[in-house]
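Encoded as C-alpha cells, the structure appears first; notes follow it.
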Amino acid sequence: MSKKLEGKVVLVTGASSGIGEATALALAAEGARVALLARRADRLEALAARIREAGGEALPLITDLADEAQARSAVLQTHQAFGRLDILINNAGIMLLGFIDGADTEEWRRMIDVNVLGLFYATHAALPLMKAQGGGHIVNVSSVAGRKARAGSGVYSATKWAVGAFTESLRVEVFRHNIRVSLIEPGAVDTELREHISDAKIREQSDAFFKSITPLQSPDIAAGILYAITQAPHVNVNEVLIRPVEQEY
Ligand SMILES: NC(=O)c1ccc[n+]([C@@H]2O[C@H](COP(=O)([O-])OP(=O)(O)OC[C@H]3O[C@@H](n4cnc5c(N)ncnc54)[C@H](OP(=O)(O)O)[C@@H]3O)[C@@H](O)[C@H]2O)c1
C-alpha cells in the first residue's frame with residue numbers, strides 16, 4: 001500500500017521532544033521527508049538517525065525560534081535541502097504557568113517570543129515558498145488553554161489565543177493560494193512541557209492532575225495532525241480539539 005505522505009516535505013518545529021518528536025516520526029513513517037527544528041542538537045541528531053535507520057529522510061535544524069533570522073533561515077534551509085515545503089507544523093512552545101500578580105515578566109517574554117512570534121516568523125517565511133509552488137499546509141499547535149483561561153494560565157493562554165486568532169486570519173488570507181490552515185488544540189499530554197514551570201505550587205498541582213487521570217500521549221496528537229494533513233485536496237480541517245476522556249475543562 002502506498003504511503004500517505006510520499007513526496008511531501010514537512011518542517012516540524014519543536015521536534016526534539018514530546019508532540020513534535022512523535023509527529024516527525026509518524027509523518028516520516030508515512031513517507032514524508034522531514035526537517036526537524038529545535039535548540040537541542042543531541043536530541044535532533046538522535047531523532048534524525050532513528051528516521052534514517054527506518055529508511056526515511058531527515059534534516060536536523062538547530063534553531064532558536066525566538067530569533068527571527070534563525071527562524072527564517074530554518075524555513076529556507078528546508079526548501080533548499082528538499083526543493084519544496086509542503087507542510088509547516090508550528091508546534092514548538094513553552095508553558096511557564098504562573099500568576100499574573102508578582103510574575104517574573106521575563107517568563108512572559110520567553111513565552112511570547114516562542115509561542116507567538118516564533119510561529120509568526122516561520123509562517124511568514126513559508127508563505128512565499130508555498131505560494132510559488134502552488135499550495136501548502138500550515139498546522140498551528142494551540143491548546144485547550146487557547147479556549148479556556150484559568151488562574152495561573154493567563155499569559156500562556158494569551159499566547160495560545162493569539163495563535164488561534166492568527167490562524168483564522170491566515171486561513172482567510174491564503175486559501176485562494178491553495179494553502180490550507182489547521183489549528184490543533186491538545187488537552188493534557190504527558191510531555192516535558194510542564195517541567196519548566198518555575199512556580200513550585202502550580203507545578204505540584206499540574207503533576208497531581210496528570211497523576212489523577214490517564215493523560216494523552218504524544219502519538220495521540222500526532223495522529224490528529226496526520227488526520228488533518230491527509231484529507232482530500234478540497235478538504236481543510238480547520239480545527240482539531242483533543243482531550244483525554246477524563247479531562248473536564
Ligand atoms: N503537553 C501538553 O499537555 C500540551 C497541551 C496543549 C498544547 N501543547 C502544545 O504542544 C506543543 C508541544 O509541546 P510538548 O507538550 O510536546 O512539550 P515539549 O516536549 O516540552 O516540546 C516543546 C518543544 O518546543 C521546542 N522549543 C522550545 N523553545 C524553543 C525555541 N526557542 N526554539 C526552538 N524550539 C523550541 C523544544 O525544543 P528545544 O528545547 O530543544 O528547543 C521542544 O522540542 C507546544 O506548543 C505546547 O504549548 C502541549
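Residues are referred to by chain and number: the chain letter is A, B, ... according to the order shown in the C-alpha cells, the number counts from 1 in that chain, and ligands are numbered separately from 1 in the order shown.
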Please check which protein, DNA or RNA residues sit within 8 Å of ligand 1, counting only C-alpha atoms and all ligand atoms, and write them as JSON, numbers by chain.
-> {"A": [13, 14, 15, 16, 17, 18, 19, 20, 21, 37, 38, 39, 40, 41, 43, 44, 62, 63, 64, 65, 66, 67, 90, 91, 92, 93, 94, 95, 110, 113, 114, 115, 118, 141, 142, 143, 144, 145, 160, 185, 186, 187, 188, 189, 190, 191, 192, 193, 194, 195, 216, 218]}
Keeping only N, CA and C atoms, write those residues as a short mmCIF file (atom, residue, chain, number, x, y, z; two decimals), in the first residue's frame.
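The new file selection-v5.cif reads:
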```cif
data_model
loop_
_atom_site.label_atom_id
_atom_site.label_comp_id
_atom_site.auth_asym_id
_atom_site.auth_seq_id
_atom_site.Cartn_x
_atom_site.Cartn_y
_atom_site.Cartn_z
N THR A 13 8.43 22.12 13.87
CA THR A 13 9.15 22.88 14.90
C THR A 13 8.88 22.22 16.26
N GLY A 14 9.88 22.33 17.14
CA GLY A 14 9.76 21.67 18.44
C GLY A 14 9.82 20.16 18.30
N ALA A 15 10.75 19.70 17.44
CA ALA A 15 10.80 18.27 17.12
C ALA A 15 11.70 17.49 18.07
N SER A 16 12.31 18.17 19.06
CA SER A 16 13.28 17.45 19.91
C SER A 16 12.64 16.68 21.04
N SER A 17 11.34 16.84 21.26
CA SER A 17 10.67 16.07 22.32
C SER A 17 9.16 16.10 22.11
N GLY A 18 8.46 15.32 22.92
CA GLY A 18 7.01 15.38 23.00
C GLY A 18 6.26 15.26 21.69
N ILE A 19 5.30 16.16 21.51
CA ILE A 19 4.38 16.08 20.37
C ILE A 19 5.12 16.23 19.04
N GLY A 20 6.10 17.14 18.99
CA GLY A 20 6.84 17.37 17.75
C GLY A 20 7.64 16.14 17.33
N GLU A 21 8.29 15.51 18.31
CA GLU A 21 9.08 14.31 18.01
C GLU A 21 8.16 13.18 17.50
N LEU A 37 13.19 20.91 13.65
CA LEU A 37 13.68 22.17 14.22
C LEU A 37 13.54 22.18 15.74
N ALA A 38 14.62 22.55 16.43
CA ALA A 38 14.61 22.80 17.89
C ALA A 38 16.00 23.30 18.27
N ARG A 39 16.20 23.55 19.58
CA ARG A 39 17.52 24.03 20.02
C ARG A 39 18.45 22.89 20.42
N ARG A 40 17.91 21.79 20.94
CA ARG A 40 18.78 20.71 21.47
C ARG A 40 19.31 19.82 20.35
N ALA A 41 20.59 20.04 20.01
CA ALA A 41 21.21 19.34 18.87
C ALA A 41 21.23 17.82 19.09
N ARG A 43 19.32 15.83 20.77
CA ARG A 43 18.00 15.20 20.61
C ARG A 43 17.60 15.14 19.13
N LEU A 44 17.91 16.21 18.40
CA LEU A 44 17.53 16.24 16.97
C LEU A 44 18.36 15.24 16.16
N ILE A 62 19.24 23.05 13.94
CA ILE A 62 19.41 23.56 15.30
C ILE A 62 19.09 25.06 15.27
N THR A 63 17.98 25.42 15.86
CA THR A 63 17.42 26.76 15.67
C THR A 63 16.74 27.26 16.93
N ASP A 64 16.97 28.53 17.27
CA ASP A 64 16.19 29.18 18.31
C ASP A 64 15.11 30.01 17.61
N LEU A 65 13.88 29.57 17.73
CA LEU A 65 12.77 30.22 17.01
C LEU A 65 12.51 31.64 17.49
N ALA A 66 12.99 31.96 18.68
CA ALA A 66 12.78 33.31 19.21
C ALA A 66 13.58 34.34 18.42
N ASP A 67 14.54 33.86 17.64
CA ASP A 67 15.38 34.74 16.83
C ASP A 67 14.85 34.72 15.39
N ASN A 90 3.82 24.17 13.02
CA ASN A 90 4.27 25.11 14.05
C ASN A 90 3.87 24.56 15.41
N ASN A 91 4.77 23.76 15.98
CA ASN A 91 4.44 23.06 17.23
C ASN A 91 5.24 23.54 18.43
N ALA A 92 6.43 24.12 18.21
CA ALA A 92 7.29 24.50 19.33
C ALA A 92 6.55 25.41 20.31
N GLY A 93 6.77 25.18 21.59
CA GLY A 93 6.13 26.05 22.57
C GLY A 93 6.66 25.80 23.96
N ILE A 94 6.47 26.80 24.82
CA ILE A 94 6.79 26.64 26.24
C ILE A 94 5.60 27.11 27.07
N MET A 95 5.45 26.48 28.24
CA MET A 95 4.29 26.76 29.11
C MET A 95 4.81 27.08 30.51
N ARG A 110 9.58 35.24 27.21
CA ARG A 110 10.02 33.97 26.60
C ARG A 110 8.86 33.25 25.93
N ASP A 113 7.81 35.19 22.79
CA ASP A 113 8.83 35.07 21.74
C ASP A 113 8.72 33.75 20.98
N VAL A 114 8.47 32.65 21.69
CA VAL A 114 8.44 31.34 21.03
C VAL A 114 7.03 30.99 20.55
N ASN A 115 6.06 31.00 21.48
CA ASN A 115 4.71 30.51 21.14
C ASN A 115 4.03 31.39 20.10
N GLY A 118 7.68 33.30 17.24
CA GLY A 118 8.39 32.23 16.52
C GLY A 118 7.48 31.60 15.48
N VAL A 141 -0.10 24.53 16.36
CA VAL A 141 -0.47 23.82 17.59
C VAL A 141 -0.79 24.85 18.67
N SER A 142 -2.05 24.92 19.04
CA SER A 142 -2.51 25.77 20.14
C SER A 142 -2.70 24.89 21.36
N SER A 143 -3.84 24.98 22.02
CA SER A 143 -4.07 24.23 23.26
C SER A 143 -5.51 24.42 23.69
N VAL A 144 -5.97 23.55 24.58
CA VAL A 144 -7.24 23.81 25.25
C VAL A 144 -7.13 25.16 25.98
N ALA A 145 -5.90 25.50 26.40
CA ALA A 145 -5.66 26.79 27.06
C ALA A 145 -5.84 27.97 26.11
N LYS A 160 -1.72 31.36 23.34
CA LYS A 160 -2.46 30.38 22.52
C LYS A 160 -3.70 31.03 21.89
N GLU A 185 -5.63 21.61 18.89
CA GLU A 185 -5.77 22.05 20.29
C GLU A 185 -5.72 20.85 21.23
N PRO A 186 -4.52 20.52 21.72
CA PRO A 186 -4.43 19.38 22.64
C PRO A 186 -4.88 19.75 24.05
N GLY A 187 -5.43 18.73 24.74
CA GLY A 187 -5.63 18.83 26.19
C GLY A 187 -4.35 18.35 26.86
N ALA A 188 -4.48 17.67 28.00
CA ALA A 188 -3.30 17.28 28.78
C ALA A 188 -2.54 16.12 28.11
N VAL A 189 -1.31 16.41 27.69
CA VAL A 189 -0.45 15.41 27.05
C VAL A 189 0.77 15.24 27.95
N ASP A 190 1.15 14.01 28.21
CA ASP A 190 2.26 13.73 29.12
C ASP A 190 3.59 13.95 28.39
N THR A 191 4.15 15.15 28.53
CA THR A 191 5.42 15.51 27.87
C THR A 191 6.30 16.27 28.87
N GLU A 192 7.40 16.81 28.37
CA GLU A 192 8.31 17.61 29.21
C GLU A 192 7.79 19.01 29.48
N LEU A 193 6.70 19.39 28.82
CA LEU A 193 6.25 20.79 28.82
C LEU A 193 6.16 21.39 30.22
N ARG A 194 5.56 20.65 31.17
CA ARG A 194 5.32 21.24 32.50
C ARG A 194 6.57 21.22 33.39
N GLU A 195 7.66 20.58 32.92
CA GLU A 195 8.89 20.54 33.73
C GLU A 195 9.54 21.91 33.86
N LEU A 216 -3.22 12.10 27.70
CA LEU A 216 -2.87 11.74 26.32
C LEU A 216 -1.37 11.50 26.25
N SER A 218 1.97 11.69 23.35
CA SER A 218 2.28 12.48 22.14
C SER A 218 1.78 11.83 20.84
#
```
What are the nearest atom pairs, with distances in Å to one decimal, for all residues of segment 97-187 of chain A that come at most 12 Å from segment 68-79 of chain A, using only C-alpha atoms, set out by chain and rising residue number as JSON lines?
```
{"residue": "A:Asp113", "atom": "CA", "partner": "A:Glu68", "partner_atom": "CA", "distance": 9.5}
{"residue": "A:Val114", "atom": "CA", "partner": "A:Glu68", "partner_atom": "CA", "distance": 10.2}
{"residue": "A:Val116", "atom": "CA", "partner": "A:Glu68", "partner_atom": "CA", "distance": 11.7}
{"residue": "A:Leu117", "atom": "CA", "partner": "A:Glu68", "partner_atom": "CA", "distance": 8.2}
{"residue": "A:Gly118", "atom": "CA", "partner": "A:Ala71", "partner_atom": "CA", "distance": 6.8}
{"residue": "A:Leu119", "atom": "CA", "partner": "A:Ala71", "partner_atom": "CA", "distance": 8.7}
{"residue": "A:Phe120", "atom": "CA", "partner": "A:Glu68", "partner_atom": "CA", "distance": 9.3}
{"residue": "A:Tyr121", "atom": "CA", "partner": "A:Glu68", "partner_atom": "CA", "distance": 6.0}
{"residue": "A:Ala122", "atom": "CA", "partner": "A:Ala71", "partner_atom": "CA", "distance": 5.7}
{"residue": "A:Thr123", "atom": "CA", "partner": "A:Val75", "partner_atom": "CA", "distance": 8.8}
{"residue": "A:His124", "atom": "CA", "partner": "A:Arg72", "partner_atom": "CA", "distance": 8.1}
{"residue": "A:Ala125", "atom": "CA", "partner": "A:Arg72", "partner_atom": "CA", "distance": 5.5}
{"residue": "A:Ala126", "atom": "CA", "partner": "A:Val75", "partner_atom": "CA", "distance": 6.3}
{"residue": "A:Leu127", "atom": "CA", "partner": "A:Val75", "partner_atom": "CA", "distance": 10.1}
{"residue": "A:Pro128", "atom": "CA", "partner": "A:Leu76", "partner_atom": "CA", "distance": 10.5}
{"residue": "A:Leu129", "atom": "CA", "partner": "A:His79", "partner_atom": "CA", "distance": 7.9}
{"residue": "A:Met130", "atom": "CA", "partner": "A:His79", "partner_atom": "CA", "distance": 10.0}
{"residue": "A:Ala132", "atom": "CA", "partner": "A:His79", "partner_atom": "CA", "distance": 11.8}
{"residue": "A:Gln133", "atom": "CA", "partner": "A:His79", "partner_atom": "CA", "distance": 10.9}
```
Using DSSP on the backbone, list every residue of segment 42-232 of chain A that comes out as helix (DSSP H, G or I), and give them as a ChimeraX atom specification.
-> /A:42-53,68-82,105-133,144-146,154-177,193-196,200-212,218-229
Spatial neighbours of Ala222 of chain A, 10 Å, only C-alpha atoms, chain gap at least 3 places, as a list in words =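 The contact residues come out as Gly18, Ile19, Gly20, Glu21, Ala22, Thr23, Ala24, Leu25, Ala26, Leu27, Ile184, Gln217, Ser218, Pro219, Ile225, Leu226, Tyr227 and Ala228 of chain A.
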Surrounding residues of Leu36 of chain A excluding itself and chain neighbours under 2 positions, 6 Å, only C-alpha atoms, as a PDB file with N, CA and C atoms, in the first residue's frame:
```
ATOM      1  N   VAL A  12       8.863  20.384  10.956  1.00  0.00           N
ATOM      2  CA  VAL A  12       8.217  20.280  12.272  1.00  0.00           C
ATOM      3  C   VAL A  12       9.031  21.096  13.273  1.00  0.00           C
ATOM      4  N   ALA A  15      10.748  19.704  17.442  1.00  0.00           N
ATOM      5  CA  ALA A  15      10.799  18.265  17.121  1.00  0.00           C
ATOM      6  C   ALA A  15      11.703  17.486  18.073  1.00  0.00           C
ATOM      7  N   LEU A  59      16.304  16.058   8.276  1.00  0.00           N
ATOM      8  CA  LEU A  59      17.273  17.153   8.295  1.00  0.00           C
ATOM      9  C   LEU A  59      17.167  17.892   9.635  1.00  0.00           C
ATOM     10  N   PRO A  60      18.141  17.712  10.525  1.00  0.00           N
ATOM     11  CA  PRO A  60      18.083  18.450  11.791  1.00  0.00           C
ATOM     12  C   PRO A  60      18.451  19.918  11.569  1.00  0.00           C
ATOM     13  N   LEU A  61      17.703  20.820  12.173  1.00  0.00           N
ATOM     14  CA  LEU A  61      17.959  22.260  12.051  1.00  0.00           C
ATOM     15  C   LEU A  61      18.021  22.854  13.457  1.00  0.00           C
TER      16      LEU A  61
END
```
Secondary structure check, strand (DSSP E) residues of segment 35-170 of chain A, as a list in words | Ala35, Leu36, Leu37, Ala38, Ala58, Leu59, Pro60, Leu61, Ile62, Ile87, Leu88, Ile89, Asn90, Gly136, His137, Ile138, Val139, Asn140 and Val141 of chain A
Any chance you could export the current selection's C-alpha atoms as a PDB file, in the first residue's frame?
```
ATOM      1  CA  ALA A  35      13.070  18.839   8.654  1.00  0.00           C
ATOM      2  CA  LEU A  36      13.420  18.814  12.437  1.00  0.00           C
ATOM      3  CA  LEU A  37      13.682  22.171  14.225  1.00  0.00           C
ATOM      4  CA  ALA A  38      14.612  22.803  17.885  1.00  0.00           C
ATOM      5  CA  ALA A  58      15.536  13.794   7.975  1.00  0.00           C
ATOM      6  CA  LEU A  59      17.273  17.153   8.295  1.00  0.00           C
ATOM      7  CA  PRO A  60      18.083  18.450  11.791  1.00  0.00           C
ATOM      8  CA  LEU A  61      17.959  22.260  12.051  1.00  0.00           C
ATOM      9  CA  ILE A  62      19.414  23.563  15.301  1.00  0.00           C
ATOM     10  CA  ILE A  87       3.642  21.302   5.248  1.00  0.00           C
ATOM     11  CA  LEU A  88       4.803  23.523   8.114  1.00  0.00           C
ATOM     12  CA  ILE A  89       3.912  22.247  11.570  1.00  0.00           C
ATOM     13  CA  ASN A  90       4.273  25.113  14.050  1.00  0.00           C
ATOM     14  CA  GLY A 136       0.784  24.046   1.014  1.00  0.00           C
ATOM     15  CA  HIS A 137      -0.500  23.392   4.512  1.00  0.00           C
ATOM     16  CA  ILE A 138       0.242  25.215   7.765  1.00  0.00           C
ATOM     17  CA  VAL A 139      -0.624  23.458  11.020  1.00  0.00           C
ATOM     18  CA  ASN A 140      -0.543  25.526  14.195  1.00  0.00           C
ATOM     19  CA  VAL A 141      -0.471  23.822  17.593  1.00  0.00           C
TER      20      VAL A 141
END
```
Å distance separating atom CA of Ile242 of chain A from atom CA of Phe175 of chain A, one decimal place | 24.6 Å
Residue with smallest distance to Ala151 of chain A - pool A:Val237, A:Ala46, A:Ala32, A:Ile100, counting only C-alpha atoms =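 Answer, going by the shortest atom-to-atom distance: A:Ile100.
Residue nearest Lys3 of chain A, chosen from A:Arg171, A:Thr230, A:Arg203, A:Ser157 and counting only C-alpha atoms: A:Thr230.
In this model, the gap between atom CA of Glu45 of chain A and atom CA of His196 of chain A comes to 22.6 Å.
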For Phe209 of chain A, which residue out of A:Glu246, A:Glu106, A:Asp42, A:Glu6 is the nearest one, using only C-alpha atoms?
->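 Of all the options, A:Glu246 lies closest to Phe209 of chain A.
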Near Gly146 of chain A, counting only C-alpha atoms, which residues have an atom at most 9 Å away, once you skip same-chain residues fewer than 6 positions from it, shown as a PyMOL selection string?
-> chain A and resi 156-164+185
Output file for the selection above: C-alpha atoms, as a short mmCIF file (atom, residue, chain, number, x, y, z; two decimals), in the first residue's frame:
```cif
data_model
loop_
_atom_site.label_atom_id
_atom_site.label_comp_id
_atom_site.auth_asym_id
_atom_site.auth_seq_id
_atom_site.Cartn_x
_atom_site.Cartn_y
_atom_site.Cartn_z
CA TYR A 156 0.27 31.08 28.35
CA SER A 157 -3.44 31.21 27.44
CA ALA A 158 -2.91 34.65 25.89
CA THR A 159 -0.19 33.23 23.63
CA LYS A 160 -2.46 30.38 22.52
CA TRP A 161 -5.39 32.78 21.99
CA ALA A 162 -3.03 34.74 19.74
CA VAL A 163 -2.25 31.57 17.79
CA GLY A 164 -5.99 30.96 17.30
CA GLU A 185 -5.77 22.05 20.29
#
```
Which polymer residues have any atom within 7 Å of an atom of Arg33 of chain A, counting only C-alpha atoms, with same-chain residues fewer than 5 positions away left out, as number ranges by chain?
-> A: 8-10, 28, 56-58
Selection above as a file: C-alpha atoms, as a PDB file, in the first residue's frame:
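For reference, result09.pdb as written:
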```pdb
ATOM      1  CA  LYS A   8       5.842  15.560   0.772  1.00  0.00           C
ATOM      2  CA  VAL A   9       8.312  17.792   2.587  1.00  0.00           C
ATOM      3  CA  VAL A  10       7.413  18.733   6.160  1.00  0.00           C
ATOM      4  CA  ALA A  28       8.301  10.041   8.289  1.00  0.00           C
ATOM      5  CA  GLY A  56      13.416   7.878   5.864  1.00  0.00           C
ATOM      6  CA  GLU A  57      14.988  11.271   5.187  1.00  0.00           C
ATOM      7  CA  ALA A  58      15.536  13.794   7.975  1.00  0.00           C
TER       8      ALA A  58
END
```
